[in-house]
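J.: Next comes the structure file target19.txt, holding compact mmCIF, C-alpha atoms and all ligand atoms.
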# COMPACT_ATOMS: atom_id res chain seq x y z
CA MET A 1 16.60 188.35 14.35
CA THR A 2 15.68 185.91 11.60
CA PRO A 3 14.74 182.34 12.65
CA LYS A 4 18.08 181.20 11.20
CA MET A 5 19.93 183.70 13.41
CA THR A 6 17.90 182.71 16.46
CA SER A 7 18.95 179.13 15.90
CA ILE A 8 22.67 179.92 15.87
CA VAL A 9 23.29 183.03 18.06
CA ARG A 10 23.95 182.01 21.69
CA ASP A 11 20.85 182.62 23.83
CA GLU A 12 22.73 184.73 26.39
CA ILE A 13 24.09 186.99 23.61
CA ALA A 14 20.65 187.33 21.98
CA ALA A 15 19.29 188.43 25.36
CA LEU A 16 21.90 191.20 25.77
CA ALA A 17 21.51 194.87 24.95
CA ALA A 18 24.63 196.32 23.30
CA TYR A 19 26.75 198.60 25.53
CA HIS A 20 25.26 202.04 25.02
CA VAL A 21 27.48 205.10 24.67
CA GLN A 22 25.55 208.35 25.10
CA ASP A 23 25.67 210.89 22.26
CA SER A 24 27.74 213.78 23.59
CA ALA A 25 28.49 215.99 20.59
CA GLY A 26 28.92 219.61 21.71
CA MET A 27 28.09 218.91 25.35
CA ILE A 28 29.94 219.43 28.62
CA LYS A 29 30.88 215.80 29.02
CA LEU A 30 30.80 214.67 32.63
CA ASP A 31 29.59 211.12 32.12
CA ALA A 32 32.58 208.85 31.51
CA MET A 33 35.34 209.73 33.99
CA GLU A 34 37.56 211.23 31.33
CA ASN A 35 40.24 213.78 32.12
CA PRO A 36 38.98 217.10 30.67
CA PHE A 37 42.33 218.78 30.05
CA GLY A 38 43.70 217.17 26.92
CA PHE A 39 47.35 216.51 26.14
CA PRO A 40 49.60 219.03 27.95
CA PRO A 41 50.04 221.85 25.40
CA HIS A 42 53.81 222.21 25.89
CA LEU A 43 54.29 218.53 24.92
CA ARG A 44 52.08 218.46 21.83
CA SER A 45 54.66 219.22 19.16
CA GLN A 46 57.08 216.66 20.61
CA LEU A 47 54.31 214.09 20.60
CA GLY A 48 53.55 214.94 16.98
CA GLU A 49 57.21 214.55 16.10
CA ARG A 50 57.45 211.14 17.77
CA LEU A 51 54.26 209.92 16.14
CA SER A 52 55.43 211.09 12.73
CA TYR A 53 58.36 208.69 12.95
CA ALA A 54 56.33 205.76 14.26
CA ALA A 55 56.74 202.67 12.08
CA ILE A 56 53.12 202.30 11.11
CA ASN A 57 54.15 200.30 8.06
CA ARG A 58 55.15 197.49 10.47
CA TYR A 59 53.19 195.40 12.89
CA PRO A 60 53.65 196.69 16.45
CA ASP A 61 56.36 195.46 18.82
CA ALA A 62 54.51 192.40 20.09
CA GLY A 63 56.23 192.60 23.49
CA ALA A 64 55.80 196.41 23.73
CA ASP A 65 59.05 196.50 25.69
CA ALA A 66 59.62 200.28 25.61
CA LEU A 67 56.09 200.92 26.81
CA LYS A 68 56.34 198.35 29.60
CA ASN A 69 59.56 200.00 30.75
CA ALA A 70 57.87 203.39 30.84
CA ILE A 71 54.97 201.90 32.82
CA ARG A 72 57.38 200.26 35.27
CA HIS A 73 59.04 203.60 35.98
CA ALA A 74 55.94 205.77 35.97
CA PHE A 75 53.95 203.51 38.30
CA ASN A 76 56.80 202.09 40.43
CA VAL A 77 56.02 198.49 39.53
CA PRO A 78 58.09 196.19 41.76
CA ASP A 79 60.90 194.42 39.87
CA ASN A 80 59.60 190.95 40.64
CA LEU A 81 56.23 191.60 38.95
CA ASP A 82 55.48 191.32 35.23
CA ILE A 83 53.25 193.50 33.06
CA LEU A 84 50.66 192.36 30.50
CA LEU A 85 49.03 194.97 28.26
CA GLY A 86 45.48 195.14 26.99
CA ASN A 87 43.48 197.30 24.60
CA GLY A 88 42.01 199.09 27.60
CA SER A 89 41.55 197.21 30.86
CA ASP A 90 38.28 195.98 29.34
CA GLU A 91 40.40 193.68 27.20
CA ILE A 92 42.36 192.48 30.23
CA ILE A 93 39.10 191.49 31.93
CA GLN A 94 38.20 189.60 28.76
CA LEU A 95 41.57 187.81 28.61
CA ILE A 96 41.19 186.66 32.20
CA ALA A 97 37.60 185.53 31.71
CA MET A 98 38.47 183.67 28.49
CA ALA A 99 41.38 181.86 30.11
CA LEU A 100 39.39 180.81 33.18
CA ALA A 101 36.03 179.96 31.55
CA LYS A 102 36.05 176.24 32.28
CA PRO A 103 32.59 174.63 32.25
CA ASN A 104 30.84 175.66 35.50
CA ALA A 105 33.53 178.21 36.43
CA THR A 106 32.33 181.34 38.24
CA LEU A 107 33.40 184.99 38.10
CA LEU A 108 32.36 186.80 41.29
CA SER A 109 32.17 190.49 42.03
CA VAL A 110 30.32 192.87 44.28
CA GLU A 111 27.35 195.00 43.15
CA PRO A 112 27.04 197.72 42.12
CA ALA A 113 30.45 197.59 40.44
CA PHE A 114 31.94 198.12 37.00
CA VAL A 115 29.32 196.74 34.58
CA MET A 116 31.87 195.10 32.29
CA PHE A 117 32.68 192.43 34.91
CA LYS A 118 29.22 190.96 34.40
CA MET A 119 28.97 191.69 30.68
CA ILE A 120 32.32 190.13 29.85
CA ALA A 121 31.47 187.08 32.00
CA THR A 122 28.41 186.67 29.77
CA TYR A 123 30.39 187.15 26.55
CA CYS A 124 32.91 184.52 27.62
CA GLY A 125 30.39 182.00 28.92
CA ILE A 126 31.61 182.10 32.52
CA ARG A 127 28.93 182.13 35.25
CA TYR A 128 28.58 185.47 37.05
CA VAL A 129 27.74 185.96 40.73
CA GLY A 130 27.30 189.49 42.16
CA VAL A 131 27.20 190.02 45.93
CA PRO A 132 25.35 193.22 46.94
CA LEU A 133 27.31 195.87 48.80
CA THR A 134 25.79 197.41 51.92
CA PRO A 135 23.56 200.50 51.42
CA ASP A 136 26.70 202.59 52.15
CA PHE A 137 28.53 200.67 49.43
CA GLU A 138 30.90 198.86 51.76
CA ILE A 139 31.66 195.18 51.17
CA ASN A 140 29.23 192.95 53.07
CA ILE A 141 31.98 190.66 54.25
CA ASP A 142 29.76 187.91 55.69
CA ALA A 143 27.68 187.68 52.51
CA THR A 144 30.81 187.81 50.35
CA LEU A 145 32.63 185.08 52.28
CA SER A 146 29.51 182.96 52.19
CA ALA A 147 29.19 183.42 48.39
CA ILE A 148 32.86 182.50 47.97
CA HIS A 149 32.26 179.36 50.03
CA THR A 150 29.16 178.42 48.01
CA HIS A 151 30.35 179.26 44.49
CA GLN A 152 34.11 178.62 44.74
CA PRO A 153 34.80 181.32 42.12
CA ALA A 154 37.67 180.87 39.69
CA VAL A 155 38.13 184.63 39.81
CA ILE A 156 36.96 187.59 41.91
CA PHE A 157 37.06 191.15 40.55
CA LEU A 158 37.19 194.01 43.06
CA ALA A 159 37.52 197.58 41.83
CA SER A 160 38.97 199.87 44.50
CA PRO A 161 38.06 202.71 44.26
CA ASN A 162 34.84 201.21 43.01
CA ASN A 163 32.80 202.44 40.03
CA PRO A 164 30.09 203.80 40.23
CA THR A 165 30.25 204.31 44.00
CA GLY A 166 33.64 206.05 44.26
CA ASN A 167 34.75 204.56 47.57
CA SER A 168 37.83 202.41 48.23
CA PHE A 169 37.55 199.17 50.14
CA SER A 170 39.71 198.61 53.21
CA VAL A 171 42.90 196.60 52.87
CA SER A 172 41.79 194.29 55.69
CA THR A 173 38.49 193.49 53.94
CA ILE A 174 40.25 192.82 50.65
CA ASP A 175 42.76 190.66 52.53
CA ALA A 176 39.95 188.57 54.08
CA ILE A 177 38.50 187.97 50.61
CA ILE A 178 41.87 186.99 49.18
CA GLN A 179 42.50 184.57 52.05
CA ALA A 180 39.11 182.94 51.50
CA SER A 181 39.37 182.79 47.71
CA PRO A 182 40.10 179.41 46.10
CA GLY A 183 41.03 181.14 42.83
CA LEU A 184 42.44 184.39 41.51
CA VAL A 185 41.60 187.85 42.90
CA VAL A 186 41.93 190.80 40.50
CA ILE A 187 42.23 194.19 42.17
CA ASP A 188 41.11 196.80 39.65
CA GLU A 189 42.79 200.14 40.34
CA ALA A 190 41.38 202.10 37.40
CA TYR A 191 41.12 205.14 39.72
CA PHE A 192 44.44 204.73 41.55
CA ALA A 193 45.59 208.22 40.58
CA PHE A 194 42.82 209.81 42.64
CA SER A 195 43.12 207.54 45.66
CA SER A 196 45.35 207.57 48.72
CA THR A 197 45.78 203.78 48.85
CA SER A 198 47.09 201.15 46.44
CA PHE A 199 47.61 197.41 46.45
CA MET A 200 50.72 197.65 44.24
CA ASN A 201 53.13 196.76 47.04
CA GLU A 202 50.87 194.04 48.48
CA VAL A 203 50.53 191.92 45.32
CA SER A 204 53.73 189.92 45.98
CA ARG A 205 52.50 188.89 49.42
CA TYR A 206 49.94 186.57 47.81
CA GLN A 207 50.00 183.66 45.36
CA ASN A 208 46.59 184.52 43.92
CA VAL A 209 46.46 188.29 43.39
CA VAL A 210 47.00 190.42 40.29
CA LEU A 211 46.51 194.16 39.89
CA MET A 212 44.82 195.90 36.97
CA ARG A 213 45.31 199.53 35.98
CA THR A 214 44.49 201.76 33.04
CA VAL A 215 45.77 205.05 31.66
CA SER A 216 42.20 205.99 30.67
CA LYS A 217 41.48 208.15 33.71
CA LEU A 218 44.86 209.87 33.52
CA GLY A 219 44.10 211.74 30.33
CA LEU A 220 44.79 208.99 27.80
CA ALA A 221 41.41 207.27 27.37
CA GLY A 222 41.60 207.52 23.59
CA LEU A 223 44.76 205.43 23.46
CA ARG A 224 43.01 202.35 24.89
CA LEU A 225 45.70 201.00 27.18
CA GLY A 226 45.17 198.87 30.25
CA MET A 227 47.61 196.69 32.14
CA LEU A 228 47.78 193.70 34.40
CA ILE A 229 50.58 193.57 36.93
CA GLY A 230 51.47 190.36 38.71
CA ASP A 231 53.47 187.17 38.89
CA LYS A 232 54.63 185.93 35.49
CA LYS A 233 53.09 182.50 36.10
CA TRP A 234 49.60 184.04 36.01
CA LEU A 235 50.38 186.59 33.31
CA GLY A 236 51.93 183.88 31.10
CA GLU A 237 48.62 182.01 30.96
CA PHE A 238 46.62 185.15 30.10
CA ASP A 239 49.22 186.12 27.50
CA LYS A 240 48.33 182.95 25.58
CA VAL A 241 44.83 184.25 24.80
CA ARG A 242 45.98 187.77 23.92
CA LEU A 243 45.95 188.53 20.20
CA PRO A 244 49.57 189.14 19.15
CA TYR A 245 49.37 192.82 18.16
CA ASN A 246 46.70 194.10 20.52
CA ILE A 247 48.51 197.37 21.33
CA ASN A 248 48.88 199.34 18.13
CA VAL A 249 52.00 201.26 17.10
CA LEU A 250 50.55 204.74 17.70
CA THR A 251 49.35 203.80 21.19
CA GLN A 252 52.74 202.35 22.07
CA VAL A 253 54.57 205.48 20.93
CA ALA A 254 52.12 207.99 22.42
CA ALA A 255 51.71 206.20 25.76
CA THR A 256 55.47 205.72 26.15
CA PHE A 257 56.01 209.42 25.53
CA ALA A 258 53.19 210.42 27.89
CA LEU A 259 54.43 208.18 30.69
CA GLU A 260 57.92 209.61 30.33
CA HIS A 261 56.19 212.87 31.31
CA ILE A 262 54.02 211.42 34.04
CA ALA A 263 54.54 214.50 36.23
CA ASP A 264 52.49 216.58 33.80
CA PHE A 265 49.60 214.14 34.03
CA THR A 266 49.91 213.94 37.81
CA ALA A 267 49.61 217.74 37.89
CA GLN A 268 46.31 217.49 35.98
CA THR A 269 45.13 214.74 38.32
CA ASN A 270 45.92 216.92 41.33
CA ILE A 271 43.76 219.70 39.92
CA LEU A 272 40.91 217.19 39.59
CA ILE A 273 41.37 216.02 43.18
CA ASP A 274 41.11 219.64 44.35
CA GLU A 275 38.05 220.09 42.17
CA ARG A 276 36.48 216.97 43.67
CA VAL A 277 36.86 218.44 47.14
CA LYS A 278 35.32 221.72 45.97
CA MET A 279 32.46 219.95 44.18
CA ALA A 280 31.71 217.86 47.27
CA ALA A 281 31.43 221.05 49.33
CA GLU A 282 29.25 222.77 46.70
CA LEU A 283 26.91 219.80 46.43
CA ARG A 284 26.62 219.61 50.22
CA LEU A 285 25.65 223.26 50.32
CA LEU A 286 23.21 222.89 47.47
CA PHE A 287 21.34 220.01 49.05
CA GLN A 288 21.63 220.98 52.71
CA ASP A 289 17.89 221.50 53.04
CA HIS A 290 17.09 218.08 51.59
CA ALA A 291 17.50 215.50 54.33
CA ASP A 292 17.01 212.61 51.92
CA ALA A 293 19.75 213.71 49.50
CA LYS A 294 23.01 211.87 49.97
CA GLN A 295 26.50 212.34 48.71
CA PHE A 296 28.86 209.36 48.77
CA ALA A 297 32.52 209.88 49.67
CA SER A 298 34.78 209.52 46.66
CA GLU A 299 38.41 208.58 46.11
CA ALA A 300 37.93 208.71 42.34
CA ASN A 301 37.40 211.40 39.68
CA PHE A 302 33.62 211.33 40.06
CA ILE A 303 31.00 211.72 42.77
CA LEU A 304 27.94 209.53 43.17
CA PHE A 305 24.99 211.48 44.41
CA ARG A 306 21.49 210.48 45.59
CA LEU A 307 18.95 213.16 44.76
CA PRO A 308 16.11 214.01 47.09
CA ALA A 309 12.92 212.03 46.37
CA SER A 310 11.29 215.30 45.27
CA HIS A 311 13.71 215.36 42.29
CA PRO A 312 13.65 212.12 40.27
CA ALA A 313 17.10 211.46 38.80
CA THR A 314 15.72 211.01 35.29
CA ASN A 315 14.14 214.48 35.39
CA VAL A 316 17.32 216.07 36.71
CA PHE A 317 19.39 214.19 34.12
CA ASN A 318 17.12 215.49 31.34
CA GLN A 319 17.19 219.03 32.69
CA LEU A 320 20.98 218.97 32.81
CA ARG A 321 20.99 217.65 29.26
CA ALA A 322 18.79 220.51 28.17
CA ASP A 323 21.50 222.75 29.67
CA ASN A 324 24.06 220.92 27.51
CA ILE A 325 25.57 218.96 30.39
CA LEU A 326 25.92 215.20 30.15
CA VAL A 327 26.23 213.15 33.36
CA LYS A 328 25.47 209.49 34.01
CA ASN A 329 22.07 208.48 35.26
CA THR A 330 23.00 205.49 37.41
CA SER A 331 19.51 205.04 38.90
CA SER A 332 18.49 201.94 37.02
CA GLY A 333 21.86 200.18 37.30
CA HIS A 334 21.10 198.45 40.60
CA PRO A 335 18.46 198.66 43.37
CA LEU A 336 21.07 200.24 45.68
CA LEU A 337 21.57 203.05 43.15
CA GLN A 338 18.01 204.31 43.24
CA ASN A 339 17.68 207.99 42.28
CA THR A 340 21.42 208.52 41.82
CA LEU A 341 23.53 210.40 39.32
CA ARG A 342 27.25 209.93 38.79
CA LEU A 343 29.05 213.19 38.16
CA THR A 344 32.51 213.08 36.60
CA ILE A 345 34.79 215.82 37.86
CA GLY A 346 35.59 218.12 34.96
CA ALA A 347 37.59 221.28 34.42
CA PRO A 348 36.80 224.11 36.89
CA SER A 349 34.54 225.95 34.41
CA GLU A 350 32.63 222.75 33.62
CA ASN A 351 32.11 222.01 37.30
CA SER A 352 30.84 225.54 37.89
CA ALA A 353 28.40 225.12 34.99
CA LEU A 354 27.15 221.87 36.53
CA ILE A 355 26.63 223.46 39.95
CA ALA A 356 24.82 226.42 38.39
CA ALA A 357 22.58 224.08 36.40
CA LEU A 358 21.81 222.01 39.51
CA GLN A 359 20.99 225.22 41.35
CA ASN A 360 18.39 226.00 38.69
CA VAL A 361 16.99 222.50 38.86
CA LEU A 362 16.53 222.77 42.61
CA SER A 363 15.03 226.24 42.72
CA PRO A 364 13.47 227.08 39.35
CA LEU A 365 11.51 229.93 40.93
CA THR A 366 14.65 231.84 41.83
CA LYS A 367 15.83 231.83 38.21
CA ALA A 368 16.64 235.34 37.04
CA PRO A 369 14.01 236.64 34.60
CA SER A 370 15.36 236.66 31.05
C1 LIG B 401 36.54 200.13 37.57
C2 LIG B 401 36.87 200.21 36.13
N1 LIG B 401 37.68 199.30 35.59
C3 LIG B 401 38.01 199.33 34.29
C4 LIG B 401 37.53 200.32 33.46
C5 LIG B 401 37.86 200.27 32.00
O1 LIG B 401 38.94 201.02 31.68
P1 LIG B 401 39.57 201.03 30.23
O2 LIG B 401 39.25 202.34 29.65
O3 LIG B 401 41.04 200.83 30.45
O4 LIG B 401 38.99 199.87 29.45
C6 LIG B 401 36.67 201.30 33.97
C7 LIG B 401 36.13 202.34 33.09
O5 LIG B 401 35.29 203.13 33.41
C8 LIG B 401 36.33 201.23 35.34
O6 LIG B 401 35.49 202.13 35.89
How does the structure come out when it is put into structure tokens?
T.:
Amino acid sequence: MTPKMTSIVRDEIAALAAYHVQDSAGMIKLDAMENPFGFPPHLRSQLGERLSYAAINRYPDAGADALKNAIRHAFNVPDNLDILLGNGSDEIIQLIAMALAKPNATLLSVEPAFVMFKMIATYCGIRYVGVPLTPDFEINIDATLSAIHTHQPAVIFLASPNNPTGNSFSVSTIDAIIQASPGLVVIDEAYFAFSSTSFMNEVSRYQNVVLMRTVSKLGLAGLRLGMLIGDKKWLGEFDKVRLPYNINVLTQVAATFALEHIADFTAQTNILIDERVKMAAELRLLFQDHADAKQFASEANFILFRLPASHPATNVFNQLRADNILVKNTSSGHPLLQNTLRLTIGAPSENSALIAALQNVLSPLTKAPS
């Protein structure tokens, strides 16, 4: 930066590294929890037809009423709760942080968790506090309650299932946090489709809880659509900081159409859940002779895995990359994530390729001569 820039760019922004997206051209992409299947083929021409009539000469419907209706039906949103839409749930996190960033306000989360909680807190000038999870990635309830008591956070973000760990937190633990919280609690259900539990029907029991979801993990990541579900008193305040046309016309039309066919996306999700079970079994088999390898239970569309100490995660990551497979090296994200990789569940053939590549990494000597 030039001296002029240094004098005007906020110190905390100057200190940041930009969010890095790995180059993935031509690779088997198992790094970002995307759905591998693409738009259901039998719906593609209808989607094209709908999009061709979309009024892209006009600004979008600012209220996105048709889309909200489709969301309400597809996700069984209770009638007494409102819906606020964001350009991905990333934007929803930003709206909440912007609205609550009073001087000295705190945003609290657990760690490791979704990195954008901390990054967006920094962007918006709201203090961030992260409470470490236990080594098994459960919430350390004593430490969390104590941090709530000390920091009196304006907002707490809890992703359940959590990223990058994959586990869900128990309803009773979340309840204890809500009861102790002086401010708002946001339950982030980005991975709800892969999980057996949801907070959707609990939200109305509390004055200070809202629920966040996204269609990104359902096969619609490219549309950038996230949502906040909750009481209209809360949503009304966040709506004031939303830019008027944040959900573009093509996203509104495509997401409405997709959600009218939610069963097709649920079918894809169910394949991924089956694949997750198969991958967990394969990984267990692969690493059975390595007592220090550890696989963490997942309710999401990825598996977090601790490699044996004999196989540094960075080496394995690079070897997989040489085999054209991209996963996420989570090792440096947090001390609790030492020597871990996060493996997104892909299509069956992609998962088989990953297992075969890991097999080679583990036993290079048994590689067939070429
Ligand atoms: C827990 C969690 N919340 C939110 C998001 C962001 O989702 P979106 O694509 O809607 O911005 C992610 C993305 O990986 C996530 O893991």
J.: For Val186 (chain A), list every protein, DNA or RNA residue within 8 Å, evaluated using all atoms listed in the file, and leave out those in the same chain fewer than 3 positions away; present the list as JSON, numbers by chain.
T.: {"A": [155, 156, 157, 158, 209, 210, 211, 212]}
J.: Point out the residue among A:Pro348, A:Pro112, A:Gly166, A:Gly125 with the least atom-to-atom distance to Ser332 (chain A), counting only C-alpha atoms.
T.: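 With only C-alpha atoms as the atom set, the closest residue is A:Pro112.
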J.: Tell me which protein, DNA and RNA residues are within 10 Å of region 213-223 of chain A, counting only C-alpha atoms, leaving out same-chain ones fewer than 3 positions away, and put them as a ChimeraX atom specification.
T.: /A:32-40,71,75,85-90,92,159,187-194,226-229,247-248,250-252,254-255,258-259,262,265-266,268-269,300-301
J.: Give me, please, the distance in Å between atom C6 of ligand LIG 401 (chain B) and CA of Phe114 (chain A), quoted to one decimal.
T.: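 We find that atom C6 of ligand LIG 401 (chain B) and CA of Phe114 (chain A) lie 6.5 Å from each other.
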J.: Let me make sure I understand: among A:Leu84, A:Ile93, A:Leu67, A:Ala62, which one has the smallest atom-to-atom distance to ligand LIG 401 (chain B) if we use only C-alpha atoms and all ligand atoms?
T.: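 Checking each candidate against ligand LIG 401 (chain B), we get A:Ile93 as the closest.
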J.: For CA of Gln207 (chain A) and CA of Pro103 (chain A), quote the distance in Å rounded to one decimal.
T.: 23.6 Å
J.: Kindly indicate which residue among A:His20, A:Glu260, A:Leu133, A:Ile120 lies nearest to His73 (chain A), using all atoms listed in the file for the distances.
T.: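 Looking at the shortest contact to His73 (chain A), the residue is A:Glu260.
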J.: I'd like to know which of A:Glu282, A:Pro335, A:Leu362, A:Ile141 is closest to Val316 (chain A), using only C-alpha atoms.
T.: A:Leu362
J.: Report as a list in words all protein, DNA and RNA residues lying within 10 Å of Asn57 (chain A), evaluated on all atoms listed in the file, omitting residues in the same chain fewer than 3 positions from it.
T.: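 Counting only the stated atoms, we get Ala54, Pro60 and Val249 of chain A.
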J.: At a cut-off of 9 Å, using only C-alpha atoms, what residues contact His151 (chain A)? Leave out same-chain residues fewer than 2 positions from it and give the result as a PyMOL selection string.
T.: chain A and resi 105-106+108+129+146-149+153-154
J.: Between CA of Met119 (chain A) and CA of Leu343 (chain A), what is the spacing in Å?
T.: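 Answer for the CA of Leu343 (chain A) to CA of Met119 (chain A) separation: 22.8 Å.
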J.: Compare A:Ser349, A:Thr150, A:Asn69, A:Thr173 by their minimum atom-to-atom distance to Thr256 (chain A), counting only C-alpha atoms, and give me the closest one.
T.: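 Smallest separation from Thr256 (chain A) among the options: A:Asn69.
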J.: Can you work out which one of A:Leu100, A:Met27, A:Ala263, A:Met116 has the shortest atom-to-atom distance to ligand LIG 401 (chain B), counting only C-alpha atoms and all ligand atoms?
T.: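 Distance minimum relative to ligand LIG 401 (chain B) lands on A:Met116.
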J.: Excluding Ser195 (chain A) and residues on its chain fewer than 6 positions from it, collect all residues at most 8 Å away from it, counting only C-alpha atoms, and give them as a list of chain:residue names.
T.: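 So the residues in contact are A:Pro161, A:Ser168, A:Glu299, A:Ala300.
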